[in-house]
$ cat entry05.pdb   # PDB, C-alpha atoms
ATOM      1  CA  MET A   1      23.471   1.107  33.495
ATOM      2  CA  PHE A   2      19.772   0.366  34.031
ATOM      3  CA  ALA A   3      17.939  -2.286  31.952
ATOM      4  CA  GLY A   4      20.881  -2.235  29.569
ATOM      5  CA  ILE A   5      20.690   1.528  28.983
ATOM      6  CA  PRO A   6      23.467   3.884  30.130
ATOM      7  CA  ILE A   7      22.226   6.252  32.863
ATOM      8  CA  GLY A   8      22.975   9.309  30.727
ATOM      9  CA  ASP A   9      20.963   7.965  27.789
ATOM     10  CA  LEU A  10      18.182   6.894  30.135
ATOM     11  CA  ALA A  11      17.958  10.392  31.642
ATOM     12  CA  PHE A  12      17.882  11.966  28.170
ATOM     13  CA  LEU A  13      15.207   9.502  27.067
ATOM     14  CA  ALA A  14      13.035  10.161  30.140
ATOM     15  CA  VAL A  15      13.236  13.955  29.925
ATOM     16  CA  SER A  16      12.706  13.926  26.150
ATOM     17  CA  LEU A  17       9.643  11.684  26.382
ATOM     18  CA  VAL A  18       8.036  13.742  29.148
ATOM     19  CA  LEU A  19       8.588  16.998  27.235
ATOM     20  CA  ALA A  20       7.533  15.416  23.942
ATOM     21  CA  GLY A  21       4.369  14.102  25.583
ATOM     22  CA  ALA A  22       3.525  17.597  26.774
ATOM     23  CA  VAL A  23       4.120  19.112  23.331
ATOM     24  CA  THR A  24       2.191  16.307  21.615
ATOM     25  CA  GLY A  25      -0.807  16.721  23.896
ATOM     26  CA  LEU A  26      -0.782  20.467  23.289
ATOM     27  CA  LEU A  27      -0.599  20.095  19.506
ATOM     28  CA  ALA A  28      -3.178  17.309  19.479
ATOM     29  CA  GLY A  29      -5.547  19.539  21.423
ATOM     30  CA  VAL A  30      -4.940  22.510  19.140
ATOM     31  CA  PHE A  31      -5.307  20.581  15.884
ATOM     32  CA  GLY A  32      -8.062  18.231  17.020
ATOM     33  CA  VAL A  33      -6.261  15.000  16.103
ATOM     34  CA  GLY A  34      -5.450  11.945  18.171
ATOM     35  CA  GLY A  35      -1.793  12.854  18.154
ATOM     36  CA  GLY A  36      -0.360  10.041  16.040
ATOM     37  CA  ALA A  37       0.717  12.449  13.308
ATOM     38  CA  VAL A  38       2.710  14.259  15.994
ATOM     39  CA  ILE A  39       3.815  11.277  18.107
ATOM     40  CA  VAL A  40       5.434   9.241  15.314
ATOM     41  CA  PRO A  41       7.923  11.886  14.076
ATOM     42  CA  VAL A  42       8.744  12.930  17.655
ATOM     43  CA  LEU A  43       9.455   9.347  18.716
ATOM     44  CA  TYR A  44      11.436   8.749  15.530
ATOM     45  CA  GLU A  45      13.819  11.603  16.364
ATOM     46  CA  ILE A  46      14.180  10.543  20.017
ATOM     47  CA  PHE A  47      14.934   6.948  19.044
ATOM     48  CA  ARG A  48      17.444   8.207  16.457
ATOM     49  CA  VAL A  49      19.325  10.231  19.062
ATOM     50  CA  ILE A  50      19.628   7.323  21.510
ATOM     51  CA  GLY A  51      20.908   5.065  18.726
ATOM     52  CA  VAL A  52      17.983   2.764  17.917
ATOM     53  CA  ALA A  53      18.793   0.819  14.714
ATOM     54  CA  GLU A  54      17.422   2.339  11.504
ATOM     55  CA  GLU A  55      15.654  -0.874  10.446
ATOM     56  CA  VAL A  56      13.426  -0.928  13.556
ATOM     57  CA  ARG A  57      13.217   2.800  14.363
ATOM     58  CA  MET A  58      10.133   3.598  12.283
ATOM     59  CA  PRO A  59       8.021   0.510  13.156
ATOM     60  CA  LEU A  60       8.951   1.012  16.832
ATOM     61  CA  SER A  61       7.718   4.616  16.592
ATOM     62  CA  VAL A  62       4.495   3.501  14.891
ATOM     63  CA  GLY A  63       3.749   0.688  17.349
ATOM     64  CA  THR A  64       4.483   2.857  20.387
ATOM     65  CA  SER A  65       2.275   5.607  18.954
ATOM     66  CA  LEU A  66      -0.657   3.195  18.633
ATOM     67  CA  ALA A  67      -0.212   2.120  22.272
ATOM     68  CA  ILE A  68      -0.050   5.754  23.437
ATOM     69  CA  ILE A  69      -3.257   6.609  21.556
ATOM     70  CA  ILE A  70      -5.345   3.966  23.416
ATOM     71  CA  PRO A  71      -6.300   5.986  26.545
ATOM     72  CA  THR A  72      -6.751   9.295  24.704
ATOM     73  CA  SER A  73      -8.933   7.703  22.017
ATOM     74  CA  ILE A  74     -11.195   6.097  24.637
ATOM     75  CA  ARG A  75     -11.457   9.392  26.517
ATOM     76  CA  SER A  76     -12.182  11.332  23.335
ATOM     77  CA  PHE A  77     -14.853   8.903  22.085
ATOM     78  CA  ASN A  78     -16.703   8.905  25.405
ATOM     79  CA  ALA A  79     -16.720  12.725  25.457
ATOM     80  CA  HIS A  80     -18.056  13.024  21.901
ATOM     81  CA  ARG A  81     -20.664  10.293  22.443
ATOM     82  CA  ALA A  82     -21.911  12.042  25.580
ATOM     83  CA  LYS A  83     -22.633  15.126  23.454
ATOM     84  CA  GLY A  84     -24.579  13.027  20.933
ATOM     85  CA  LEU A  85     -22.330  13.918  17.994
ATOM     86  CA  VAL A  86     -21.217  10.383  17.069
ATOM     87  CA  ASP A  87     -22.945   8.687  14.110
ATOM     88  CA  LEU A  88     -22.983   5.110  15.406
ATOM     89  CA  SER A  89     -24.477   3.792  12.152
ATOM     90  CA  ILE A  90     -21.206   4.601  10.358
ATOM     91  CA  LEU A  91     -19.099   3.017  13.105
ATOM     92  CA  LYS A  92     -21.179  -0.179  12.925
ATOM     93  CA  VAL A  93     -20.460  -0.493   9.203
ATOM     94  CA  TRP A  94     -16.774   0.312   9.657
ATOM     95  CA  ALA A  95     -16.085  -1.711  12.821
ATOM     96  CA  VAL A  96     -15.218  -5.073  11.240
ATOM     97  CA  PRO A  97     -13.397  -3.875   8.074
ATOM     98  CA  VAL A  98     -11.356  -1.336  10.056
ATOM     99  CA  VAL A  99     -10.188  -3.964  12.571
ATOM    100  CA  VAL A 100      -9.436  -6.404   9.738
ATOM    101  CA  GLY A 101      -7.473  -3.642   7.998
ATOM    102  CA  VAL A 102      -5.511  -2.898  11.179
ATOM    103  CA  LEU A 103      -4.640  -6.568  11.645
ATOM    104  CA  ALA A 104      -3.571  -6.764   7.983
ATOM    105  CA  GLY A 105      -1.400  -3.670   8.451
ATOM    106  CA  SER A 106       0.145  -5.187  11.570
ATOM    107  CA  TRP A 107       0.902  -8.396   9.659
ATOM    108  CA  ILE A 108       2.507  -6.363   6.864
ATOM    109  CA  ALA A 109       4.608  -4.593   9.514
ATOM    110  CA  ARG A 110       6.198  -7.902  10.492
ATOM    111  CA  PHE A 111       7.779  -8.297   7.056
ATOM    112  CA  ALA A 112       7.832  -4.786   5.559
ATOM    113  CA  PRO A 113      11.033  -2.762   5.152
ATOM    114  CA  ALA A 114      11.308   0.343   7.321
ATOM    115  CA  ASP A 115      10.973   2.606   4.279
ATOM    116  CA  LEU A 116       7.396   1.424   3.637
ATOM    117  CA  PHE A 117       6.206   3.096   6.859
ATOM    118  CA  LYS A 118       7.840   6.356   5.808
ATOM    119  CA  ILE A 119       6.355   6.221   2.295
ATOM    120  CA  VAL A 120       2.818   5.670   3.628
ATOM    121  CA  PHE A 121       3.255   8.473   6.177
ATOM    122  CA  VAL A 122       4.596  10.881   3.541
ATOM    123  CA  ALA A 123       1.810  10.102   1.042
ATOM    124  CA  VAL A 124      -1.105  10.502   3.451
ATOM    125  CA  ALA A 125       0.393  13.484   5.295
ATOM    126  CA  THR A 126       1.058  15.325   2.026
ATOM    127  CA  ILE A 127      -2.489  14.796   0.710
ATOM    128  CA  SER A 128      -3.950  15.951   4.042
ATOM    129  CA  ALA A 129      -1.622  18.971   4.121
ATOM    130  CA  LEU A 130      -2.563  20.091   0.602
ATOM    131  CA  ARG A 131      -6.254  19.931   1.409
ATOM    132  CA  LEU A 132      -5.720  21.936   4.588
ATOM    133  CA  LEU A 133      -3.495  24.576   2.994
ATOM    134  CA  PHE A 134      -5.739  25.153  -0.006
ATOM    135  CA  ALA A 135      -8.920  25.111   2.098
ATOM    136  CA  ALA A 136     -10.408  22.685  -0.376
ATOM    137  CA  ASP A 137     -13.803  22.206   1.290
ATOM    138  CA  ARG A 138     -15.138  21.947  -2.246
ATOM    139  CA  TRP A 139     -13.228  18.674  -2.724
ATOM    140  CA  LYS A 140     -16.195  16.278  -2.623
ATOM    141  CA  PHE A 141     -16.968  12.807  -3.922
ATOM    142  CA  GLY A 142     -20.698  13.172  -3.233
ATOM    143  CA  GLU A 143     -23.369  14.784  -1.080
ATOM    144  CA  ASP A 144     -24.090  11.696   1.042
ATOM    145  CA  MET A 145     -22.218   8.674   2.344
ATOM    146  CA  PRO A 146     -21.798   5.815  -0.194
ATOM    147  CA  GLY A 147     -23.432   2.381   0.034
ATOM    148  CA  LYS A 148     -22.291  -0.342   2.401
ATOM    149  CA  PRO A 149     -20.000  -2.250  -0.046
ATOM    150  CA  LEU A 150     -17.905   0.851  -0.769
ATOM    151  CA  MET A 151     -17.965   1.827   2.924
ATOM    152  CA  VAL A 152     -16.522  -1.595   3.802
ATOM    153  CA  VAL A 153     -13.712  -1.083   1.272
ATOM    154  CA  TYR A 154     -12.962   2.390   2.659
ATOM    155  CA  GLY A 155     -12.956   0.995   6.197
ATOM    156  CA  GLY A 156     -10.378  -1.634   5.288
ATOM    157  CA  ILE A 157      -8.148   0.960   3.615
ATOM    158  CA  ILE A 158      -8.406   3.301   6.615
ATOM    159  CA  GLY A 159      -7.456   0.426   8.934
ATOM    160  CA  VAL A 160      -4.389  -0.614   6.924
ATOM    161  CA  LEU A 161      -3.067   2.944   6.443
ATOM    162  CA  SER A 162      -3.714   3.900  10.087
ATOM    163  CA  ALA A 163      -1.801   0.849  11.313
ATOM    164  CA  LEU A 164       1.172   1.592   9.057
ATOM    165  CA  MET A 165       1.166   5.294  10.018
ATOM    166  CA  GLY A 166       0.641   4.828  13.752
ATOM    167  CA  ILE A 167      -2.406   7.106  13.875
ATOM    168  CA  GLY A 168      -5.849   6.614  15.393
ATOM    169  CA  GLY A 169      -7.595   6.941  12.045
ATOM    170  CA  GLY A 170      -9.387  10.185  12.864
ATOM    171  CA  GLN A 171      -7.354  12.174  10.375
ATOM    172  CA  LEU A 172      -8.199   9.766   7.546
ATOM    173  CA  SER A 173     -11.829   9.035   8.379
ATOM    174  CA  SER A 174     -12.805  12.652   9.071
ATOM    175  CA  LEU A 175     -11.173  13.638   5.771
ATOM    176  CA  PHE A 176     -13.155  10.896   4.040
ATOM    177  CA  MET A 177     -16.461  11.902   5.687
ATOM    178  CA  THR A 178     -16.075  15.555   4.707
ATOM    179  CA  PHE A 179     -15.517  14.393   1.111
ATOM    180  CA  TYR A 180     -19.095  13.084   1.316
ATOM    181  CA  GLY A 181     -20.635  16.232   2.735
ATOM    182  CA  ARG A 182     -20.656  15.467   6.459
ATOM    183  CA  PRO A 183     -20.160  18.514   8.751
ATOM    184  CA  ILE A 184     -16.642  18.670  10.174
ATOM    185  CA  HIS A 185     -17.789  18.517  13.808
ATOM    186  CA  GLN A 186     -19.786  15.327  13.198
ATOM    187  CA  ALA A 187     -16.919  13.881  11.152
ATOM    188  CA  VAL A 188     -14.403  14.503  13.948
ATOM    189  CA  ALA A 189     -16.757  13.137  16.625
ATOM    190  CA  THR A 190     -17.583   9.963  14.685
ATOM    191  CA  SER A 191     -13.927   9.467  13.762
ATOM    192  CA  SER A 192     -12.982   9.479  17.443
ATOM    193  CA  GLY A 193     -14.639   6.074  17.710
ATOM    194  CA  LEU A 194     -12.201   4.659  15.180
ATOM    195  CA  GLY A 195      -9.335   5.519  17.507
ATOM    196  CA  VAL A 196     -10.538   2.787  19.873
ATOM    197  CA  LEU A 197     -11.044   0.269  17.032
ATOM    198  CA  ILE A 198      -7.594   0.994  15.590
ATOM    199  CA  SER A 199      -5.288   1.638  18.548
ATOM    200  CA  ILE A 200      -6.002  -1.486  20.632
ATOM    201  CA  PRO A 201      -5.676  -4.190  17.927
ATOM    202  CA  GLY A 202      -2.959  -2.082  16.279
ATOM    203  CA  ALA A 203      -0.796  -2.024  19.414
ATOM    204  CA  VAL A 204      -1.303  -5.768  19.963
ATOM    205  CA  GLY A 205      -0.505  -6.408  16.308
ATOM    206  CA  PHE A 206       2.751  -4.447  16.488
ATOM    207  CA  ILE A 207       3.783  -6.365  19.601
ATOM    208  CA  TYR A 208       3.336  -9.511  17.497
ATOM    209  CA  ALA A 209       5.080  -7.962  14.472
ATOM    210  CA  GLY A 210       8.145  -6.994  16.482
ATOM    211  CA  TRP A 211       8.419 -10.212  18.495
ATOM    212  CA  PRO A 212      11.133 -11.749  16.256
ATOM    213  CA  GLN A 213      13.222  -8.569  16.656
ATOM    214  CA  MET A 214      13.273  -9.088  20.435
ATOM    215  CA  ALA A 215      15.060 -12.403  19.935
ATOM    216  CA  LEU A 216      17.535 -10.760  17.562
ATOM    217  CA  GLY A 217      18.339  -8.036  20.104
ATOM    218  CA  THR A 218      17.761  -5.161  17.659
ATOM    219  CA  LEU A 219      15.178  -3.415  19.850
ATOM    220  CA  PRO A 220      16.071  -1.143  22.788
ATOM    221  CA  PRO A 221      15.522  -2.458  26.329
ATOM    222  CA  LEU A 222      12.025  -2.246  27.828
ATOM    223  CA  SER A 223      10.427  -2.938  24.448
ATOM    224  CA  LEU A 224       7.583  -5.396  23.934
ATOM    225  CA  GLY A 225       7.732  -6.133  20.243
ATOM    226  CA  TYR A 226       7.430  -2.851  18.374
ATOM    227  CA  VAL A 227       6.057  -1.080  21.488
ATOM    228  CA  SER A 228       8.456   0.824  23.745
ATOM    229  CA  LEU A 229       7.079   0.429  27.270
ATOM    230  CA  ILE A 230       9.173   3.280  28.653
ATOM    231  CA  GLY A 231       8.012   5.477  25.779
ATOM    232  CA  MET A 232       4.374   4.651  26.464
ATOM    233  CA  ILE A 233       4.595   5.103  30.245
ATOM    234  CA  LEU A 234       6.371   8.464  30.114
ATOM    235  CA  PHE A 235       4.477   9.858  27.126
ATOM    236  CA  ILE A 236       0.865   9.284  28.173
ATOM    237  CA  PRO A 237       0.512  11.296  31.437
ATOM    238  CA  THR A 238       1.828  14.620  30.137
ATOM    239  CA  SER A 239       0.035  14.312  26.784
ATOM    240  CA  ILE A 240      -3.291  13.773  28.555
ATOM    241  CA  TRP A 241      -2.543  16.703  30.872
ATOM    242  CA  THR A 242      -1.741  19.217  28.127
ATOM    243  CA  ALA A 243      -4.391  18.168  25.546
ATOM    244  CA  PRO A 244      -7.188  20.236  27.204
ATOM    245  CA  ILE A 245      -4.854  23.262  27.237
ATOM    246  CA  GLY A 246      -4.375  22.861  23.497
ATOM    247  CA  ALA A 247      -8.130  22.517  22.981
ATOM    248  CA  ARG A 248      -8.753  25.788  24.836
ATOM    249  CA  LEU A 249      -6.065  27.472  22.742
ATOM    250  CA  ALA A 250      -7.701  26.191  19.560
ATOM    251  CA  HIS A 251     -10.939  28.002  20.409
ATOM    252  CA  ARG A 252      -9.022  31.281  20.424
ATOM    253  CA  LEU A 253      -7.660  30.753  16.919
ATOM    254  CA  SER A 254      -9.559  30.951  13.640
ATOM    255  CA  LYS A 255     -10.340  27.712  11.798
ATOM    256  CA  ARG A 256      -8.284  28.921   8.826
ATOM    257  CA  ARG A 257      -5.182  29.604  10.944
ATOM    258  CA  LEU A 258      -5.441  26.140  12.459
ATOM    259  CA  GLU A 259      -5.719  24.568   9.009
ATOM    260  CA  ILE A 260      -2.650  26.440   7.742
ATOM    261  CA  ALA A 261      -0.612  25.657  10.870
ATOM    262  CA  PHE A 262      -1.363  21.943  10.821
ATOM    263  CA  GLY A 263      -0.918  21.731   7.044
ATOM    264  CA  LEU A 264       2.548  23.289   7.319
ATOM    265  CA  PHE A 265       3.426  20.970  10.208
ATOM    266  CA  LEU A 266       2.461  17.906   8.141
ATOM    267  CA  LEU A 267       4.581  19.137   5.210
ATOM    268  CA  VAL A 268       7.600  19.619   7.487
ATOM    269  CA  VAL A 269       7.210  16.082   8.862
ATOM    270  CA  ALA A 270       6.732  14.649   5.364
ATOM    271  CA  SER A 271       9.844  16.487   4.147
ATOM    272  CA  ARG A 272      11.864  15.073   7.049
ATOM    273  CA  PHE A 273      10.916  11.518   6.116
ATOM    274  CA  VAL A 274      11.525  12.143   2.409
ATOM    275  CA  TRP A 275      15.038  13.355   3.339
ATOM    276  CA  SER A 276      15.689  10.177   5.325
ATOM    277  CA  LEU A 277      14.474   8.074   2.371
ATOM    278  CA  ILE A 278      16.915   9.573  -0.105
ATOM    279  CA  HIS A 279      19.946   9.738   2.229
TER
END
$ encode --input "entry05.pdb" --output "structure tokens"
Amino acid sequence: MFAGIPIGDLAFLAVSLVLAGAVTGLLAGVFGVGGGAVIVPVLYEIFRVIGVAEEVRMPLSVGTSLAIIIPTSIRSFNAHRAKGLVDLSILKVWAVPVVVGVLAGSWIARFAPADLFKIVFVAVATISALRLLFAADRWKFGEDMPGKPLMVVYGGIIGVLSALMGIGGGQLSSLFMTFYGRPIHQAVATSSGLGVLISIPGAVGFIYAGWPQMALGTLPPLSLGYVSLIGMILFIPTSIWTAPIGARLAHRLSKRRLEIAFGLFLLVVASRFVWSLIH
């Protein structure tokens, strides 16, 4: 036994997290996302295998995902900003409502049933997958970004949904920006800044949300609220290492193939969570 975990389970957990980090980094690099859409389902399955209780499994996956995204989101934002692709005017409008939305999502996480996290993940992943699979670039709300009041509302919604999904927000905000006619490269670059605004307060918020569960003993050892420290420590290094490999691979594939591949992946993940909801 080590930290209350049998040695066999600990070895499985360590190997699984290292390998999962490598795969997540690769997929995140290929698909151009922060990795949360990949990290959450991977962590969910690992925690299921080692026997983490169903009622805390999903929020633990979400909170740990937000903590894992912190270094990669900072690295990604700095790289995009150095190339001059980030629209800082949009980030300035979104900064406060996004953080408020994240804190609201973290507060909801303290009281929400585990199924709520799955429902949010399924809904957003399915919408994103359908747009990717049907190449619906013509899906537009307008030719330019809306006024500040509506932008503030969108920012709050992005913050809440990102916190409950365990993603850095890039998937949601880039989707939103392309709906208003922004080029995909600028949308992705600007959205990278949201990863910093979402992941840091989100991780802190999920530590707070899961604090009562620590006293109840329902969380696995080496957890700080709804953040698995061992998951974060073992996941981050390999994901950072393999992300550039995935990015290089992405340049060899057509945009359409990437859209289809990621759309199918999101549908598989959504189907897995739907199955767990009805059984």
$ closest_residue --input "entry05.pdb" --among "A:Val227, A:Val42, A:Ala109, A:Leu249" --to "A:Leu161" --atoms "all atoms listed in the file"
A:Ala109
$ resolve_selection --input "entry05.pdb" --expression "the PyMOL selection byres ((chain A and resi 66-76) around 8)" --output "count of residues only"
29
$ atom_distance --input "entry05.pdb" --atom1 "atom CA of A:Arg257" --atom2 "atom CA of A:Ser128"
15.3 Å
$ resolve_selection --input "entry05.pdb" --expression "the PyMOL selection byres ((chain A and resi 274) around 12)" --output "NGL selection string"
:A and (115-123 or 125-126 or 267-273 or 275-279)
$ write_last_selection --input "entry05.pdb" --atoms "C-alpha atoms" --output "PDB file, in the frame of the given file"
ATOM      1  CA  ASP A 115      10.973   2.606   4.279  1.00  0.00           C
ATOM      2  CA  LEU A 116       7.396   1.424   3.637  1.00  0.00           C
ATOM      3  CA  PHE A 117       6.206   3.096   6.859  1.00  0.00           C
ATOM      4  CA  LYS A 118       7.840   6.356   5.808  1.00  0.00           C
ATOM      5  CA  ILE A 119       6.355   6.221   2.295  1.00  0.00           C
ATOM      6  CA  VAL A 120       2.818   5.670   3.628  1.00  0.00           C
ATOM      7  CA  PHE A 121       3.255   8.473   6.177  1.00  0.00           C
ATOM      8  CA  VAL A 122       4.596  10.881   3.541  1.00  0.00           C
ATOM      9  CA  ALA A 123       1.810  10.102   1.042  1.00  0.00           C
ATOM     10  CA  ALA A 125       0.393  13.484   5.295  1.00  0.00           C
ATOM     11  CA  THR A 126       1.058  15.325   2.026  1.00  0.00           C
ATOM     12  CA  LEU A 267       4.581  19.137   5.210  1.00  0.00           C
ATOM     13  CA  VAL A 268       7.600  19.619   7.487  1.00  0.00           C
ATOM     14  CA  VAL A 269       7.210  16.082   8.862  1.00  0.00           C
ATOM     15  CA  ALA A 270       6.732  14.649   5.364  1.00  0.00           C
ATOM     16  CA  SER A 271       9.844  16.487   4.147  1.00  0.00           C
ATOM     17  CA  ARG A 272      11.864  15.073   7.049  1.00  0.00           C
ATOM     18  CA  PHE A 273      10.916  11.518   6.116  1.00  0.00           C
ATOM     19  CA  TRP A 275      15.038  13.355   3.339  1.00  0.00           C
ATOM     20  CA  SER A 276      15.689  10.177   5.325  1.00  0.00           C
ATOM     21  CA  LEU A 277      14.474   8.074   2.371  1.00  0.00           C
ATOM     22  CA  ILE A 278      16.915   9.573  -0.105  1.00  0.00           C
ATOM     23  CA  HIS A 279      19.946   9.738   2.229  1.00  0.00           C
TER      24      HIS A 279
END
$ closest_residue --input "entry05.pdb" --among "A:Ile127, A:Val93, A:Ile260, A:Ile207" --to "A:Tyr154" --atoms "only C-alpha atoms"
A:Val93
$ residues_around --input "entry05.pdb" --residues "A:Val160" --least-positions-apart "2" --cutoff "6 Å" --atoms "all atoms listed in the file" --output "PyMOL selection string"
chain A and resi 101-102+105+157-158+162-163
$ residues_around --input "entry05.pdb" --residues "A:Met145" --least-positions-apart "6" --cutoff "9 Å" --atoms "only C-alpha atoms" --output "JSON list (two decimals) with C-alpha atoms, keeping the file's coordinate frame"
[["chain", "number", "residue", "atom", "x", "y", "z"],
["A", 151, "MET", "CA", -17.96, 1.83, 2.92],
["A", 177, "MET", "CA", -16.46, 11.90, 5.69],
["A", 179, "PHE", "CA", -15.52, 14.39, 1.11],
["A", 180, "TYR", "CA", -19.10, 13.08, 1.32],
["A", 181, "GLY", "CA", -20.64, 16.23, 2.74],
["A", 182, "ARG", "CA", -20.66, 15.47, 6.46]]
$ atom_distance --input "entry05.pdb" --atom1 "atom CA of A:Gly84" --atom2 "atom CA of A:Leu194"
16.0 Å
$ closest_residue --input "entry05.pdb" --among "A:Trp211, A:Leu43, A:Ala37, A:Ser89" --to "A:Ile230" --atoms "all atoms listed in the file"
A:Leu43
$ residues_around --input "entry05.pdb" --residues "A:Phe111" --least-positions-apart "5" --cutoff "10 Å" --atoms "all atoms listed in the file" --output "PDB file with C-alpha atoms, keeping the file's coordinate frame"
ATOM      1  CA  SER A 106       0.145  -5.187  11.570  1.00  0.00           C
ATOM      2  CA  ALA A 209       5.080  -7.962  14.472  1.00  0.00           C
ATOM      3  CA  GLY A 210       8.145  -6.994  16.482  1.00  0.00           C
TER       4      GLY A 210
END
$ closest_residue --input "entry05.pdb" --among "A:Arg256, A:Lys83, A:Gly159, A:Arg110" --to "A:Pro212" --atoms "all atoms listed in the file"
A:Arg110
$ resolve_selection --input "entry05.pdb" --expression "the PyMOL selection byres ((chain A and resi 216-218) around 12)" --output "list in words"
Gly4, Gly51, Val52, Ala53, Glu54, Glu55, Val56, Arg57, Leu60, Gly210, Trp211, Pro212, Gln213, Met214, Ala215, Leu219, Pro220, Pro221, Leu222, Ser223, Leu224, Gly225 and Tyr226 of chain A
$ closest_residue --input "entry05.pdb" --among "A:Ala14, A:Ile90, A:Ile50, A:Trp241" --to "A:Leu229" --atoms "all atoms listed in the file"
A:Ala14
$ atom_distance --input "entry05.pdb" --atom1 "atom CA of A:Gly25" --atom2 "atom CA of A:Phe12"
19.8 Å
